[in-house]
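start_13.cif (mmCIF, C-alpha atoms and all ligand atoms)
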```cif
data_upload
loop_
_atom_site.label_atom_id
_atom_site.label_comp_id
_atom_site.auth_asym_id
_atom_site.auth_seq_id
_atom_site.Cartn_x
_atom_site.Cartn_y
_atom_site.Cartn_z
CA MET T 1 -108.47 -181.06 95.99
CA ASN T 2 -106.07 -178.15 95.49
CA LYS T 3 -102.46 -179.13 96.04
CA LEU T 4 -100.07 -176.83 97.91
CA LYS T 5 -97.40 -175.58 95.49
CA ILE T 6 -94.00 -175.38 97.15
CA GLY T 7 -90.71 -173.73 96.19
CA ILE T 8 -87.33 -174.59 97.68
CA VAL T 9 -84.84 -171.79 98.40
CA GLY T 10 -81.33 -173.19 98.97
CA CYS T 11 -80.59 -176.61 97.46
CA GLY T 12 -77.89 -177.86 99.84
CA GLY T 13 -77.75 -180.94 102.03
CA ILE T 14 -80.89 -180.43 104.10
CA ALA T 15 -83.05 -179.55 101.09
CA ARG T 16 -81.85 -182.52 99.01
CA ASN T 17 -81.69 -185.13 101.75
CA ARG T 18 -84.63 -184.19 103.94
CA HIS T 19 -87.17 -181.69 102.64
CA ILE T 20 -87.41 -182.54 98.94
CA PRO T 21 -87.97 -186.28 99.65
CA ALA T 22 -90.38 -185.52 102.52
CA PHE T 23 -92.53 -183.09 100.47
CA GLN T 24 -92.44 -185.32 97.39
CA GLU T 25 -93.74 -188.23 99.42
CA LEU T 26 -96.83 -186.12 100.13
CA ASN T 27 -97.63 -185.95 96.41
CA GLU T 28 -101.38 -186.24 96.97
CA ILE T 29 -101.48 -182.88 98.74
CA THR T 30 -98.41 -181.01 97.55
CA ASP T 31 -96.07 -180.46 94.60
CA ILE T 32 -92.59 -178.93 94.57
CA VAL T 33 -92.78 -176.71 91.53
CA ALA T 34 -89.65 -174.51 91.74
CA VAL T 35 -86.15 -174.35 93.16
CA HIS T 36 -83.58 -171.60 93.65
CA ASP T 37 -79.99 -171.53 94.87
CA ILE T 38 -77.30 -168.85 94.51
CA ASN T 39 -75.45 -171.68 92.80
CA TYR T 40 -77.65 -171.88 89.69
CA ASP T 41 -76.05 -175.06 88.33
CA LEU T 42 -76.73 -176.83 91.61
CA ALA T 43 -80.39 -175.73 91.53
CA LYS T 44 -80.69 -176.90 87.91
CA ASN T 45 -79.20 -180.23 88.80
CA VAL T 46 -81.51 -180.66 91.79
CA ALA T 47 -84.52 -179.77 89.61
CA GLU T 48 -83.51 -182.32 86.96
CA ASN T 49 -82.87 -185.08 89.48
CA ASN T 50 -86.18 -184.51 91.25
CA ASN T 51 -88.43 -183.71 88.33
CA ILE T 52 -89.09 -180.11 89.45
CA GLU T 53 -90.36 -177.84 86.70
CA PHE T 54 -88.89 -174.39 87.37
CA VAL T 55 -85.38 -173.21 88.26
CA MET T 56 -85.46 -169.57 89.31
CA GLU T 57 -82.50 -167.20 89.07
CA ASP T 58 -84.05 -164.92 91.67
CA TYR T 59 -85.95 -166.35 94.64
CA GLN T 60 -88.51 -163.53 94.53
CA GLN T 61 -89.65 -164.67 91.04
CA MET T 62 -90.81 -167.86 92.71
CA PHE T 63 -93.50 -166.10 94.74
CA GLU T 64 -95.84 -165.82 91.73
CA LEU T 65 -95.71 -169.57 91.20
CA VAL T 66 -96.00 -171.00 94.70
CA ASP T 67 -98.21 -171.04 97.79
CA ALA T 68 -95.32 -171.79 100.16
CA ILE T 69 -91.54 -171.91 100.29
CA ALA T 70 -89.01 -173.88 102.31
CA VAL T 71 -86.01 -171.74 103.31
CA CYS T 72 -82.93 -173.98 103.39
CA THR T 73 -80.10 -171.43 103.15
CA PRO T 74 -77.39 -170.54 105.69
CA ASN T 75 -78.88 -168.84 108.77
CA LYS T 76 -77.93 -165.29 107.70
CA PHE T 77 -80.56 -165.36 104.93
CA HIS T 78 -83.46 -166.94 106.85
CA ALA T 79 -85.04 -163.64 107.93
CA GLU T 80 -84.65 -161.73 104.66
CA ILE T 81 -86.07 -164.52 102.48
CA SER T 82 -88.87 -165.47 104.91
CA ILE T 83 -90.02 -161.87 105.32
CA ALA T 84 -89.99 -161.25 101.56
CA ALA T 85 -92.12 -164.38 101.02
CA LEU T 86 -94.59 -163.57 103.81
CA ASN T 87 -94.97 -160.01 102.50
CA SER T 88 -95.80 -161.49 99.09
CA GLY T 89 -98.54 -163.70 100.56
CA VAL T 90 -96.51 -166.93 100.61
CA HIS T 91 -96.44 -169.36 103.56
CA VAL T 92 -92.95 -170.13 104.91
CA PHE T 93 -91.29 -173.19 106.33
CA CYS T 94 -87.87 -171.98 107.53
CA GLU T 95 -85.07 -174.24 108.70
CA LYS T 96 -83.76 -173.88 112.23
CA PRO T 97 -82.44 -171.78 113.86
CA MET T 98 -85.22 -169.32 113.07
CA ALA T 99 -82.70 -166.53 112.34
CA LEU T 100 -79.39 -165.03 113.49
CA ASN T 101 -80.88 -163.26 116.51
CA LYS T 102 -83.97 -162.18 118.41
CA LEU T 103 -84.46 -158.96 116.44
CA GLU T 104 -84.61 -160.80 113.14
CA CYS T 105 -87.07 -163.29 114.68
CA GLU T 106 -89.31 -160.45 115.83
CA ARG T 107 -89.39 -159.04 112.31
CA MET T 108 -90.31 -162.47 110.95
CA VAL T 109 -93.17 -162.89 113.43
CA GLU T 110 -94.42 -159.39 112.62
CA ALA T 111 -94.40 -160.20 108.89
CA ALA T 112 -96.30 -163.44 109.52
CA ASN T 113 -98.90 -161.70 111.67
CA HIS T 114 -99.27 -158.86 109.20
CA SER T 115 -99.64 -161.14 106.16
CA GLY T 116 -101.83 -163.76 107.83
CA LYS T 117 -99.57 -166.43 106.28
CA LEU T 118 -97.99 -169.28 108.21
CA LEU T 119 -94.41 -169.33 109.42
CA ALA T 120 -93.09 -172.70 110.65
CA ILE T 121 -89.58 -173.38 111.95
CA GLY T 122 -87.72 -176.68 111.41
CA TYR T 123 -87.39 -177.93 115.00
CA HIS T 124 -88.17 -181.47 113.88
CA TYR T 125 -87.08 -183.16 117.15
CA ARG T 126 -90.56 -182.28 118.43
CA PHE T 127 -92.02 -184.72 115.89
CA THR T 128 -90.08 -187.78 117.14
CA ASP T 129 -91.95 -190.50 119.03
CA ALA T 130 -89.80 -189.82 122.11
CA ALA T 131 -90.73 -186.12 122.17
CA MET T 132 -94.42 -186.63 121.40
CA THR T 133 -94.76 -189.33 124.08
CA ALA T 134 -92.98 -187.11 126.60
CA LYS T 135 -95.34 -184.23 125.78
CA LYS T 136 -98.38 -186.46 126.37
CA ALA T 137 -96.96 -187.84 129.63
CA ILE T 138 -96.15 -184.36 130.94
CA LEU T 139 -99.57 -182.96 129.98
CA ASN T 140 -101.07 -185.96 131.78
CA GLY T 141 -99.29 -184.97 135.01
CA ALA T 142 -96.52 -187.60 135.03
CA VAL T 143 -93.93 -185.06 136.19
CA GLY T 144 -95.90 -182.36 138.00
CA ASP T 145 -94.12 -179.08 138.68
CA PRO T 146 -90.64 -179.34 137.13
CA LEU T 147 -87.66 -178.83 139.44
CA VAL T 148 -84.39 -179.69 137.69
CA ILE T 149 -83.97 -180.17 133.93
CA ARG T 150 -80.80 -181.67 132.46
CA THR T 151 -80.29 -181.19 128.74
CA GLN T 152 -77.25 -182.26 126.74
CA ALA T 153 -76.49 -182.37 123.02
CA LEU T 154 -72.92 -183.56 122.96
CA ARG T 155 -70.68 -184.58 120.08
CA ARG T 156 -67.10 -185.56 120.76
CA ARG T 157 -65.50 -184.64 117.43
CA LYS T 158 -68.13 -183.63 114.87
CA VAL T 159 -67.53 -180.12 113.63
CA PRO T 160 -69.40 -179.91 110.30
CA GLY T 161 -66.58 -179.67 107.76
CA TRP T 162 -68.84 -178.68 104.82
CA GLY T 163 -70.89 -175.60 103.95
CA VAL T 164 -70.45 -172.48 106.08
CA PHE T 165 -71.12 -173.94 109.52
CA THR T 166 -67.93 -172.54 111.06
CA ASN T 167 -68.50 -169.01 109.72
CA LYS T 168 -69.95 -166.71 112.37
CA LEU T 169 -71.08 -164.06 109.91
CA LEU T 170 -73.19 -166.51 107.93
CA GLN T 171 -74.38 -168.80 110.74
CA GLY T 172 -74.39 -166.60 113.85
CA GLY T 173 -72.64 -169.21 116.00
CA GLY T 174 -71.55 -172.83 116.15
CA SER T 175 -72.54 -175.85 118.23
CA LEU T 176 -75.26 -173.95 120.11
CA ILE T 177 -77.12 -172.28 117.25
CA ASP T 178 -76.67 -175.34 115.01
CA TYR T 179 -77.12 -178.41 117.24
CA GLY T 180 -77.83 -177.41 120.84
CA CYS T 181 -80.82 -175.36 119.63
CA HIS T 182 -82.77 -178.59 118.92
CA LEU T 183 -82.56 -179.93 122.48
CA LEU T 184 -83.03 -176.44 123.92
CA ASP T 185 -86.18 -175.94 121.86
CA LEU T 186 -87.47 -179.39 122.80
CA SER T 187 -86.85 -178.78 126.52
CA LEU T 188 -88.70 -175.46 126.42
CA TRP T 189 -91.61 -177.02 124.54
CA LEU T 190 -91.90 -179.78 127.13
CA LEU T 191 -91.76 -177.24 129.94
CA GLU T 192 -94.85 -175.50 128.54
CA ASP T 193 -95.48 -172.22 130.36
CA ASN T 194 -92.39 -172.25 132.55
CA GLU T 195 -90.74 -168.98 131.61
CA PRO T 196 -86.91 -168.81 131.59
CA VAL T 197 -85.79 -165.62 133.36
CA GLU T 198 -82.00 -165.70 133.90
CA ILE T 199 -79.02 -167.31 132.21
CA LEU T 200 -75.35 -167.80 133.06
CA ALA T 201 -73.21 -169.35 130.33
CA LYS T 202 -69.72 -169.96 129.00
CA THR T 203 -68.89 -170.74 125.39
CA TYR T 204 -65.61 -172.27 124.21
CA ASN T 205 -63.69 -172.97 121.02
CA ARG T 206 -60.20 -173.81 122.27
CA LEU T 207 -60.22 -177.33 120.82
CA SER T 208 -61.26 -176.27 117.32
CA LYS T 209 -58.76 -173.39 117.31
CA THR T 210 -55.94 -175.87 117.97
CA PRO T 211 -54.10 -177.22 114.89
CA ASN T 212 -54.22 -180.91 113.92
CA GLN T 213 -57.50 -181.73 115.65
CA ILE T 214 -59.20 -185.00 114.95
CA ASN T 215 -62.63 -184.49 113.35
CA ASP T 216 -65.14 -187.15 112.27
CA TRP T 217 -67.13 -184.87 109.94
CA GLY T 218 -64.61 -183.58 107.38
CA THR T 219 -62.03 -180.85 107.70
CA PHE T 220 -62.15 -177.18 108.66
CA ASN T 221 -59.64 -174.38 109.02
CA HIS T 222 -58.70 -173.95 112.68
CA GLU T 223 -57.33 -170.47 111.96
CA THR T 224 -60.62 -169.07 110.64
CA PHE T 225 -62.85 -171.07 113.03
CA ASP T 226 -64.70 -168.30 114.88
CA VAL T 227 -67.75 -169.99 116.44
CA ASP T 228 -68.38 -172.00 119.62
CA ASP T 229 -67.63 -175.73 119.72
CA HIS T 230 -68.72 -176.30 123.35
CA VAL T 231 -71.24 -174.45 125.53
CA SER T 232 -72.15 -174.84 129.17
CA CYS T 233 -75.07 -172.99 130.71
CA PHE T 234 -77.39 -172.66 133.68
CA ILE T 235 -80.95 -171.35 133.24
CA ILE T 236 -83.33 -170.26 136.00
CA PHE T 237 -87.10 -170.31 135.40
CA LYS T 238 -89.77 -168.04 136.87
CA ASP T 239 -91.30 -170.89 138.88
CA ASN T 240 -87.90 -171.75 140.42
CA ALA T 241 -87.11 -174.66 138.09
CA SER T 242 -83.55 -174.69 136.76
CA MET T 243 -81.87 -176.23 133.72
CA GLN T 244 -78.32 -177.47 133.28
CA PHE T 245 -77.68 -177.25 129.55
CA GLU T 246 -74.60 -178.29 127.60
CA CYS T 247 -73.88 -178.81 123.92
CA SER T 248 -70.78 -179.47 121.84
CA TRP T 249 -69.36 -180.23 118.42
CA ALA T 250 -65.94 -180.90 119.92
CA ALA T 251 -65.20 -181.90 123.51
CA ASN T 252 -62.93 -184.29 125.37
CA ILE T 253 -65.71 -186.58 126.53
CA LYS T 254 -66.17 -190.34 126.28
CA ASP T 255 -69.00 -190.51 123.74
CA ASP T 256 -71.50 -188.45 121.77
CA SER T 257 -74.67 -188.26 123.81
CA LYS T 258 -78.11 -186.79 123.80
CA HIS T 259 -79.91 -186.31 127.10
CA LEU T 260 -83.09 -184.62 128.23
CA SER T 261 -84.51 -185.36 131.67
CA ILE T 262 -86.89 -183.53 133.96
CA SER T 263 -87.09 -184.22 137.65
CA GLY T 264 -90.41 -182.89 138.92
CA VAL T 265 -92.44 -182.91 142.12
CA ASP T 266 -94.67 -185.82 141.08
CA GLY T 267 -92.25 -187.80 138.95
CA GLY T 268 -89.43 -187.70 136.46
CA ILE T 269 -88.93 -188.33 132.76
CA SER T 270 -85.95 -189.09 130.57
CA LEU T 271 -86.16 -189.23 126.78
CA TYR T 272 -83.04 -191.11 125.61
CA PRO T 273 -83.88 -193.90 126.39
CA PHE T 274 -87.46 -193.16 127.29
CA GLU T 275 -88.22 -193.74 130.99
CA LEU T 276 -90.65 -192.46 133.60
CA TYR T 277 -89.68 -192.31 137.27
CA GLN T 278 -92.37 -192.39 139.92
CA HIS T 279 -92.84 -193.29 143.57
CA LYS T 280 -95.83 -195.44 144.44
CA TYR T 281 -96.73 -198.26 146.85
CA GLY T 282 -93.87 -197.16 149.08
CA THR T 283 -91.15 -197.66 146.48
CA CYS T 284 -89.49 -196.12 143.41
CA PHE T 285 -90.73 -197.25 140.00
CA THR T 286 -89.00 -196.96 136.62
CA GLU T 287 -91.23 -197.51 133.58
CA LYS T 288 -89.66 -197.90 130.15
CA ALA T 289 -91.28 -197.33 126.77
CA VAL T 290 -90.01 -198.44 123.39
CA VAL T 291 -90.09 -195.12 121.56
CA ASP T 292 -87.62 -193.96 119.03
CA HIS T 293 -85.74 -190.81 117.99
CA ASP T 294 -86.19 -191.43 114.25
CA GLU T 295 -85.31 -188.15 112.52
CA THR T 296 -86.41 -189.28 109.04
CA LEU T 297 -89.87 -190.13 110.34
CA ALA T 298 -89.90 -186.86 112.29
CA ALA T 299 -89.06 -184.92 109.11
CA LYS T 300 -91.97 -186.59 107.28
CA ARG T 301 -94.34 -185.68 110.10
CA GLN T 302 -92.98 -182.14 110.09
CA ALA T 303 -93.61 -181.81 106.34
CA THR T 304 -97.14 -183.21 106.74
CA ASN T 305 -97.87 -180.80 109.59
CA PHE T 306 -96.68 -177.82 107.52
CA VAL T 307 -98.55 -178.75 104.35
CA LYS T 308 -101.77 -179.60 106.19
CA SER T 309 -101.55 -176.39 108.23
CA CYS T 310 -101.19 -174.36 105.02
CA LEU T 311 -104.24 -176.18 103.63
CA GLY T 312 -106.19 -175.32 106.79
CA GLU T 313 -106.39 -178.92 108.02
CA ALA T 314 -103.99 -178.80 110.99
CA ASP T 315 -102.31 -176.44 113.45
CA LEU T 316 -98.58 -175.79 113.33
CA VAL T 317 -96.69 -177.78 115.95
CA VAL T 318 -93.73 -175.38 115.94
CA LYS T 319 -95.14 -171.89 116.29
CA PRO T 320 -92.89 -168.96 115.33
CA GLU T 321 -93.24 -167.29 118.74
CA GLU T 322 -91.89 -170.47 120.36
CA ALA T 323 -88.91 -170.64 118.01
CA GLN T 324 -88.35 -166.95 118.67
CA ARG T 325 -88.08 -167.72 122.40
CA THR T 326 -85.45 -170.36 121.67
CA SER T 327 -83.50 -167.73 119.70
CA LEU T 328 -83.85 -165.27 122.58
CA ILE T 329 -82.20 -167.79 124.89
CA ILE T 330 -79.44 -168.46 122.37
CA ASP T 331 -78.78 -164.68 122.24
CA ALA T 332 -78.66 -164.56 126.06
CA ILE T 333 -76.23 -167.50 126.25
CA TYR T 334 -73.82 -165.79 123.83
CA LYS T 335 -74.23 -162.45 125.61
CA SER T 336 -73.62 -163.99 129.04
CA SER T 337 -70.38 -165.57 127.87
CA VAL T 338 -69.10 -162.39 126.20
CA GLU T 339 -70.00 -160.16 129.15
CA GLY T 340 -68.96 -162.66 131.84
CA ARG T 341 -72.14 -162.25 133.88
CA SER T 342 -75.64 -163.65 134.18
CA ILE T 343 -78.27 -162.15 131.89
CA ARG T 344 -81.88 -161.37 132.84
CA LEU T 345 -83.96 -162.30 129.79
CA SER T 346 -85.99 -159.12 130.13
CA ASN T 347 -82.74 -157.26 129.31
CA VAL T 348 -81.75 -159.14 126.12
N1 LIG T 401 -83.06 -179.39 111.11
C1 LIG T 401 -81.83 -179.87 111.08
O1 LIG T 401 -81.48 -180.79 111.81
C2 LIG T 401 -80.85 -179.28 110.13
C3 LIG T 401 -79.77 -180.04 109.66
C4 LIG T 401 -78.89 -179.44 108.76
C5 LIG T 401 -79.06 -178.13 108.37
N2 LIG T 401 -80.11 -177.41 108.87
C6 LIG T 401 -80.28 -175.99 108.51
O2 LIG T 401 -80.53 -175.88 107.11
C7 LIG T 401 -79.90 -174.72 106.58
C8 LIG T 401 -79.01 -175.14 105.41
O3 LIG T 401 -78.11 -176.14 105.85
P1 LIG T 401 -77.46 -177.20 104.84
O4 LIG T 401 -76.92 -178.29 105.68
O5 LIG T 401 -78.40 -177.55 103.75
O6 LIG T 401 -76.26 -176.32 104.26
P2 LIG T 401 -75.53 -176.47 102.87
O7 LIG T 401 -74.30 -175.68 102.98
O8 LIG T 401 -75.46 -177.91 102.48
O9 LIG T 401 -76.55 -175.77 101.84
C9 LIG T 401 -76.86 -174.41 101.84
C10 LIG T 401 -77.27 -174.03 100.41
O10 LIG T 401 -77.75 -172.70 100.42
C11 LIG T 401 -77.24 -172.04 99.26
N3 LIG T 401 -77.27 -170.60 99.53
C12 LIG T 401 -76.36 -169.88 100.25
N4 LIG T 401 -76.78 -168.59 100.32
C13 LIG T 401 -77.96 -168.52 99.65
C14 LIG T 401 -78.86 -167.47 99.37
N5 LIG T 401 -78.67 -166.23 99.84
N6 LIG T 401 -79.96 -167.74 98.62
C15 LIG T 401 -80.17 -168.98 98.13
N7 LIG T 401 -79.34 -170.03 98.37
C16 LIG T 401 -78.26 -169.80 99.13
C17 LIG T 401 -75.87 -172.62 99.07
O11 LIG T 401 -75.40 -172.43 97.75
C18 LIG T 401 -76.09 -174.08 99.43
O12 LIG T 401 -76.46 -174.84 98.30
C19 LIG T 401 -79.14 -174.07 107.75
O13 LIG T 401 -79.94 -173.05 108.29
C20 LIG T 401 -79.01 -175.19 108.78
O14 LIG T 401 -79.02 -174.72 110.13
C21 LIG T 401 -81.00 -177.97 109.72
#
```

Would you mind writing the file out in C-alpha cells?
Ligand SMILES: NC(=O)c1ccc[n+]([C@@H]2O[C@H](COP(=O)([O-])OP(=O)(O)OC[C@H]3O[C@@H](n4cnc5c(N)ncnc54)[C@H](O)[C@@H]3O)[C@@H](O)[C@H]2O)c1
Amino acid sequence: MNKLKIGIVGCGGIARNRHIPAFQELNEITDIVAVHDINYDLAKNVAENNNIEFVMEDYQQMFELVDAIAVCTPNKFHAEISIAALNSGVHVFCEKPMALNKLECERMVEAANHSGKLLAIGYHYRFTDAAMTAKKAILNGAVGDPLVIRTQALRRRKVPGWGVFTNKLLQGGGSLIDYGCHLLDLSLWLLEDNEPVEILAKTYNRLSKTPNQINDWGTFNHETFDVDDHVSCFIIFKDNASMQFECSWAANIKDDSKHLSISGVDGGISLYPFELYQHKYGTCFTEKAVVDHDETLAAKRQATNFVKSCLGEADLVVKPEEAQRTSLIIDAIYKSSVEGRSIRLSNV
C-alpha cells in the first residue's frame, strides 16, 4: 500500500510533542519525510532526533516531496502556508485556530475546494471519548432541542510564557483564539445545525497588564501583553437557544475548570464529568459514564483520521467550513468587545 508522505512546517512544541509522535506511530500508513522551520537549526535538530530525511530551507520546496503537510506555525502564517500547499496539490492539516480571521479562513476553504485537496483543522477535543460519546447521545435524542448551553474554558494563572502567544500581530488574540476556541468549536459541533446569529461579548486583560502577576506557565512581559486573558460572552442561536461562554488564561477564580453542558427540552448533558440528565418515571435521573478527556489519545485519533482521509479511507471529522464558523464567532466576539455592542453574525 502507498504510504502518505508528510512534511512538518514549524517544529515548535506542538509539532515535537504531539504531531510528530502521533504521525510516526502510524508508520504502516504514513511517513514524515521532511521538516521546515524558520529556525533552521531547530528543524535540523528535530529531523535528526526523529529520523526524518529532509530539512528544507524553504517550506515550498517541500511540496515536491510530500502528499500532505502539517502546519504548526504561529497563527499568522496558517493561511499563507496552507493556501500555498493546497494550490500545489498538497493536503493540509493545519493547527487551530484555522487562521487569524474569517477572511483568511474563506481563502483557505476556497483553495481547498479549488484544488480538491483536503484541509483539516486541529480541533482535537472532538476526538476525545467525552466529546464522541456526547455526539452519539445527542444524535440519539438524549437532549432534544437545546435551550441553554454553558461553556467554560478557564485557567486561573496560565498565560503561555513561551513562543509568541501574547503577541497579537502573530497570534490574533489570546485566551479566546488560543484556548477558548477548543470548547467553542466543540460546543458548536455538538449543537449540529443550530446557527449562532448574535453575540455580545467583553474581553479583558487587566490582570496580565498588571506588574508582578503570578503565572504558572513561565513569564511574560506585562508591558507588551496586548491580547485578551479573560473573555465573557453571550450567544443567541436561530432556534432560540443561547450560550453562556467564558474563557481565561488569567482570572481571579478558585480553580482551572473546563465545562460544557447543554440543557435541552428532552434532557441534559454535561461533559466534564460526563453525565446525562433526564426525567422519567416521575423523577429526575442522572446517569454517569466513565469517559475520559485524554488529549494524547485524541491527538492519535486526529492523526489517524487525517491520514486515512487523505488515503480515501475515511471522512474528515473537522471540516474546514466548521472551523471557519468557529473563527467567524471569534471575530464577532472581538468585534463586539471593541465596539461595545452586540454583533449580528450576518454583519461580521
Ligand atoms: N491543538 C492544541 O491544543 C494546540 C496546542 C498548542 C499549540 N497549538 C497551535 O500550534 C501552533 C504552534 O504552536 P506551538 O505551541 O508549537 O508554538 P511554538 O512557539 O512552540 O512553535 C512555533 C514554531 O514555528 C516556527 N515558525 C514561526 N514562524 C514560522 C514560519 N513563518 N514558517 C515556519 N516556521 C515558523 C517557530 O520558529 C517555532 O519553532 C499555533 O497555531 C498554536 O495555536 C495548538

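Look at region 131-147 of chain T: the protein and nucleic acid residues within 6 Å of it, using all atoms listed in the file and passing over chain neighbours fewer than 5 places away, are T:Arg126, T:Leu190, T:Ala241, T:Ser263, T:Gly264, T:Val265, T:Asp266, T:Gly267, T:Gly268.
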
Could you give me, as CSV, every region 73-152 of chain T residue with an atom at most 7 Å from region 307-326 of chain T, plus its closest atom pair and distance in Å to one decimal, counting only C-alpha atoms, rows ordered by chain then number?
```
residue,atom,partner,partner_atom,distance
T:Met98,CA,T:Ala323,CA,6.3
T:Lys102,CA,T:Gln324,CA,6.5
T:Cys105,CA,T:Gln324,CA,5.6
T:Val109,CA,T:Pro320,CA,6.4
T:Leu118,CA,T:Cys310,CA,6.8
T:Leu119,CA,T:Pro320,CA,6.1
T:Ala120,CA,T:Val318,CA,6.0
T:Ile121,CA,T:Val318,CA,6.1
T:Tyr123,CA,T:Val318,CA,6.9
```

- Message: Applying 9 Å and only C-alpha atoms, which residues near region 13-27 of chain T remain after dropping the ones on its own chain fewer than 3 positions away? List them as a ChimeraX atom specification.
- Response: /T:3,6,8-10,30-32,46,50,70-73,95,163,296,299-304,307

- Among the residues T:Ser115, T:Asn101, T:Gln278, T:Gln171, the one that comes closest to ligand LIG 401 (chain T) [using all atoms listed in the file]: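 That would be T:Gln171, the residue with the smallest distance to ligand LIG 401 (chain T).
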
- Between atom C7 of ligand LIG 401 (chain T) and CA of Ile333 (chain T), distance in Å (one decimal):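 So the two atoms, atom C7 of ligand LIG 401 (chain T) and CA of Ile333 (chain T), lie 21.3 Å apart.
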
Test item: axis-aligned box, all listed atoms of region 201-206 of chain T, 4 Å on each side, centre and edges in Å rounded to one decimal, as AutoDock Vina command-line options:
```
--center_x -66.7 --center_y -171.6 --center_z 125.7 --size_x 21.0 --size_y 12.5 --size_z 17.3
```

- Coordinates-based distance that separates CA of Asn49 (chain T) from atom C1 of ligand LIG 401 (chain T) (Å, one decimal):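 Result for atom C1 of ligand LIG 401 (chain T) versus CA of Asn49 (chain T): 22.2 Å, one decimal.
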
- Query: Between T:Asn113, T:Gln152, T:Asn167, T:Asn45, which is the closest to Leu260 (chain T) once you count all atoms listed in the file?
  - Reply: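 Smallest separation from Leu260 (chain T) among the options: T:Gln152.
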
- Message: Using all atoms listed in the file for the distances, tell me which of T:Arg157, T:Pro196, T:Val164, T:His91 is nearest to Asp239 (chain T).
- Response: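 Using all atoms listed in the file, the shortest distance to Asp239 (chain T) belongs to T:Pro196.
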
- Message: Would you compute the distance between CA of Asp129 (chain T) and CA of Tyr272 (chain T)? Give it in Å to one decimal.
- Response: 11.1 Å

- Given all atoms listed in the file as the counted atoms, nearest of T:Glu192, T:Phe234, T:Gly180, T:Tyr125 to Ser342 (chain T): T:Phe234

- Task: Fewer than 6 positions away in the same chain doesn't count, so skip those; otherwise give me all residues within 9 Å of region 197-203 of chain T, counting only C-alpha atoms, as a PyMOL selection string.
- Result: chain T and resi 176+228-238+329+332-338+340-346

- Between T:Val291, T:Gln61, T:Ala251, T:Ile83, which one has atoms that come closest to Glu106 (chain T), using all atoms listed in the file?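 Of the candidates, the smallest distance to Glu106 (chain T) is held by T:Ile83.
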
- Task: Point out the residue among T:Gly7, T:Pro211, T:Gly12, T:Gly122 with the least atom-to-atom distance to Pro97 (chain T), counting all atoms listed in the file.
- Result: T:Gly122

- Task: Would you be able to write out as a ChimeraX atom specification which residues have an atom within 12 Å of (-72.4, -165.3, 109.3) in the file's coordinates, counting only C-alpha atoms?
- Result: /T:73-78,99-101,163-174,177,225-227
